[in-house]
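These notes are about the structure you will find just below.
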Amino acid sequence: MNQSTSLLSGHAPGGRRFVVDLLRELTVQERSDLYAAGLRALDATQSLLKKGKTVISEIIGPSAYVEWEHYPKRDAKSRDGALFYYHAHAATQRMAGEHGHFHVFAANDRAACPSDQRYTHIAGLSVDDRGMPLRVFTTNQWVTAECWEDADRVCALARQTELKHARPHKVGQWLDAVLAFFRPQIDHVVHLRDARIKALEQRGRAHLLEDRRTHILSQCRIDFSTQILALEELGVQAP
């Protein structure tokens with residue numbers, strides 16, 4: 001399946017006006033916290049760049065990069081069971097400019113979760129070849145074999161998740177900051193995911209979560225500069 005075709009559905013705009021309207025719904029304190037997370041993410045990025053590295057080279061290491069391989073091989077796991085990994089699909093299945101993407105999972109020990117599915121997918125995060133974020137997206141259940149939760153529960157789990165203790169630590173710290181910075185977009189695509197599922201089921205799509213014709217359920221473009229400028233337009237000032 002050509003994923004570039006499947007990506008056309010469930011799309012949320014990521015332009016300046018959309019971002020300003022999205023961030024306008026937050027409280028003043030929430031916007032201030034967002035700005036601080038953005039500065040942490042940029043600081044983590046610049047710290048790697050000073051050493052001639054990117055978040056991609058940090059997670060791949062010295063070995064040759066191979067499409068579809070998981071980096072790290074056994075996933076990066078935090079103390080509480082949250083985890084992430086990085087990989088790339090074939091070039092024809094990536095969005096324009098994408099090098100690869102992270103998949104980030106929250107630990108989920110709810111009794112209803114099967115013993116081999118004690119995790120829930122928070123979001124995918126696509127990056128370019130410099131490691132700069134391009135989009136956040138959600139996947140169908142069969143893609144991640146996760147313990148499926150509704151949008152409100154996923155968003156709550158996302159806020160409880162910390163990756164800084166997972167190895168490589170610098171990548172975990174970077175992800176914590178980036179996911180916090182783009183939290184409104186993540187919340188948005190997770191709720192858009194549920195809305196799309198409901199709409200497809202109402203149109204007669206049975207067993208949708210196992211339907212291998214549907215990979216991506218929702219997505220939104222993201223951009224550091226657009227987010228920072230939108231926050232400043234709404235009155236947030238640099239410390």
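By convention in this document, the chains of the structure tokens carry letters A, B, ... by their order, each chain's residues are numbered from 1, and ligands are numbered from 1 in the order they are shown.
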
Please identify all polymer residues within 9 Å of Gly97 of chain A, counting only C-alpha atoms, omitting same-chain residues fewer than 6 positions from it, and present them as a PDB file with N, CA and C atoms, in the first residue's frame.
ATOM      1  N   VAL A 127      10.155  13.434  11.292  1.00  0.00           N
ATOM      2  CA  VAL A 127      11.216  14.441  11.295  1.00  0.00           C
ATOM      3  C   VAL A 127      11.932  14.442   9.942  1.00  0.00           C
ATOM      4  N   ASP A 128      12.570  15.570   9.629  1.00  0.00           N
ATOM      5  CA  ASP A 128      13.363  15.631   8.397  1.00  0.00           C
ATOM      6  C   ASP A 128      14.774  15.119   8.674  1.00  0.00           C
ATOM      7  N   ASP A 129      15.664  15.229   7.683  1.00  0.00           N
ATOM      8  CA  ASP A 129      17.001  14.652   7.848  1.00  0.00           C
ATOM      9  C   ASP A 129      17.872  15.428   8.832  1.00  0.00           C
ATOM     10  N   LEU A 134       8.190  17.495  11.638  1.00  0.00           N
ATOM     11  CA  LEU A 134       7.381  17.835  10.469  1.00  0.00           C
ATOM     12  C   LEU A 134       5.884  17.650  10.704  1.00  0.00           C
TER      13      LEU A 134
END

- Message: Could you list, as a ChimeraX atom specification, every residue within 8 Å of segment 214-227 of chain A, counting only C-alpha atoms and ignoring same-chain residues fewer than 2 positions away?
- Response: /A:3,6-7,9-16,19,38,133-140,143,182,185,189-190,192-193,196-197,208,211-212,229-231

Write a file of the selected residues as a short mmCIF file (atom, residue, chain, number, x, y, z; two decimals), in the first residue's frame, keeping C-alpha atoms.
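Resulting contents of again-v1.cif:
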data_model
loop_
_atom_site.label_atom_id
_atom_site.label_comp_id
_atom_site.auth_asym_id
_atom_site.auth_seq_id
_atom_site.Cartn_x
_atom_site.Cartn_y
_atom_site.Cartn_z
CA GLN A 3 1.12 5.27 2.47
CA SER A 6 -3.53 6.97 2.82
CA LEU A 7 -2.12 10.09 4.46
CA SER A 9 -7.40 11.44 4.98
CA GLY A 10 -7.78 12.64 8.53
CA HIS A 11 -5.63 15.67 7.82
CA ALA A 12 -5.57 18.78 10.01
CA PRO A 13 -4.03 21.98 8.66
CA GLY A 14 -0.82 23.16 10.27
CA GLY A 15 -0.60 26.75 9.02
CA ARG A 16 -0.16 29.88 11.13
CA VAL A 19 -1.99 27.20 15.09
CA GLY A 38 9.80 24.83 23.02
CA PRO A 133 9.70 17.88 13.48
CA LEU A 134 7.38 17.84 10.47
CA ARG A 135 4.09 16.33 11.65
CA VAL A 136 2.33 14.36 14.36
CA PHE A 137 -0.01 11.53 13.42
CA THR A 138 -2.08 8.66 14.80
CA THR A 139 -2.16 5.09 13.55
CA ASN A 140 -4.72 2.34 13.36
CA VAL A 143 -0.23 -0.97 13.10
CA PHE A 182 3.29 20.30 20.39
CA GLN A 185 -1.56 19.36 18.08
CA VAL A 189 -5.05 14.61 16.12
CA VAL A 190 -6.00 12.08 18.80
CA LEU A 192 -9.61 13.77 15.19
CA ARG A 193 -8.68 10.07 15.12
CA ARG A 196 -12.75 9.72 11.87
CA ILE A 197 -13.28 6.22 13.28
CA LEU A 208 -12.04 -0.83 11.25
CA ASP A 211 -8.62 -3.03 8.59
CA ARG A 212 -5.21 -3.07 6.90
CA LEU A 229 5.57 32.97 16.46
CA ALA A 230 1.96 32.01 17.21
CA LEU A 231 2.68 31.99 20.95
#

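The shortest atom-to-atom distance to Gly235 of chain A, with only C-alpha atoms taken into account, belongs to A:Leu23 out of A:Leu23, A:Leu209, A:Val66, A:Ala158.
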
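Computed from the coordinates, the atom CA of Val104 of chain A to atom CA of Ala82 of chain A distance equals 7.8 Å.
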
Can you list every residue in segment 1-218 of chain A that DSSP puts in alpha helix (DSSP H), as number ranges by chain? A: 3-6, 16-24, 28-49, 55-60, 141-144, 151-160, 169-181, 183-202

Dump of C-alpha atoms for the selected residues, as a compact mmCIF listing (two decimals), in the first residue's frame:
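That gives us selection_2.txt:
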# COMPACT_ATOMS: atom_id res chain seq x y z
CA GLN A 3 1.12 5.27 2.47
CA SER A 4 1.39 8.67 0.79
CA THR A 5 -2.13 8.06 -0.55
CA SER A 6 -3.53 6.97 2.82
CA ARG A 16 -0.16 29.88 11.13
CA ARG A 17 -3.85 30.73 11.41
CA PHE A 18 -4.75 27.20 12.46
CA VAL A 19 -1.99 27.20 15.09
CA VAL A 20 -2.98 30.59 16.52
CA ASP A 21 -6.62 29.49 16.79
CA LEU A 22 -5.58 26.21 18.43
CA LEU A 23 -3.33 27.91 20.97
CA ARG A 24 -5.88 30.62 21.68
CA VAL A 28 -2.17 32.04 29.67
CA GLN A 29 -0.23 29.65 31.93
CA GLU A 30 -0.57 26.78 29.46
CA ARG A 31 0.79 28.95 26.66
CA SER A 32 3.70 30.02 28.86
CA ASP A 33 4.45 26.38 29.70
CA LEU A 34 4.32 25.54 26.00
CA TYR A 35 6.84 28.27 25.20
CA ALA A 36 9.19 26.95 27.91
CA ALA A 37 8.94 23.45 26.44
CA GLY A 38 9.80 24.83 23.02
CA LEU A 39 12.91 26.51 24.40
CA ARG A 40 13.94 23.22 26.03
CA ALA A 41 13.46 21.39 22.75
CA LEU A 42 15.52 23.94 20.83
CA ASP A 43 18.22 23.85 23.50
CA ALA A 44 18.38 20.04 23.26
CA THR A 45 18.59 20.28 19.46
CA GLN A 46 21.37 22.88 19.57
CA SER A 47 23.28 20.87 22.18
CA LEU A 48 23.45 17.96 19.74
CA LEU A 49 24.31 20.19 16.78
CA VAL A 55 18.56 13.44 17.22
CA ILE A 56 18.63 10.95 14.32
CA SER A 57 22.36 10.20 14.50
CA GLU A 58 22.06 9.98 18.29
CA ILE A 59 19.46 7.21 18.11
CA ILE A 60 20.86 5.35 15.10
CA GLN A 141 -4.65 -0.27 16.12
CA TRP A 142 -3.28 -3.10 13.97
CA VAL A 143 -0.23 -0.97 13.10
CA THR A 144 0.96 -0.73 16.71
CA ALA A 151 -8.94 10.12 22.97
CA ASP A 152 -9.42 11.51 26.48
CA ARG A 153 -7.57 8.56 28.01
CA VAL A 154 -4.72 8.80 25.45
CA CYS A 155 -4.29 12.51 26.20
CA ALA A 156 -4.25 11.81 29.94
CA LEU A 157 -1.63 9.08 29.49
CA ALA A 158 0.47 11.42 27.36
CA ARG A 159 0.66 13.94 30.19
CA GLN A 160 1.88 11.27 32.60
CA HIS A 169 18.79 9.69 27.28
CA LYS A 170 19.38 12.74 25.07
CA VAL A 171 16.77 11.51 22.62
CA GLY A 172 14.30 10.82 25.45
CA GLN A 173 14.83 14.31 26.85
CA TRP A 174 14.40 15.82 23.38
CA LEU A 175 11.16 13.87 22.84
CA ASP A 176 9.78 14.95 26.23
CA ALA A 177 10.29 18.60 25.28
CA VAL A 178 9.04 18.28 21.69
CA LEU A 179 5.91 16.37 22.68
CA ALA A 180 5.17 18.92 25.41
CA PHE A 181 5.68 21.79 22.94
CA ARG A 183 0.83 18.92 22.96
CA PRO A 184 -2.14 20.89 21.52
CA GLN A 185 -1.56 19.36 18.08
CA ILE A 186 -1.24 15.88 19.60
CA ASP A 187 -4.50 16.36 21.52
CA HIS A 188 -6.09 17.57 18.30
CA VAL A 189 -5.05 14.61 16.12
CA VAL A 190 -6.00 12.08 18.80
CA HIS A 191 -9.53 13.51 18.99
CA LEU A 192 -9.61 13.77 15.19
CA ARG A 193 -8.68 10.07 15.12
CA ASP A 194 -11.76 9.13 17.16
CA ALA A 195 -14.00 11.36 15.05
CA ARG A 196 -12.75 9.72 11.87
CA ILE A 197 -13.28 6.22 13.28
CA LYS A 198 -16.85 7.12 14.24
CA ALA A 199 -17.54 8.57 10.79
CA LEU A 200 -16.16 5.52 8.98
CA GLU A 201 -18.11 3.12 11.19
CA GLN A 202 -21.31 5.06 10.54
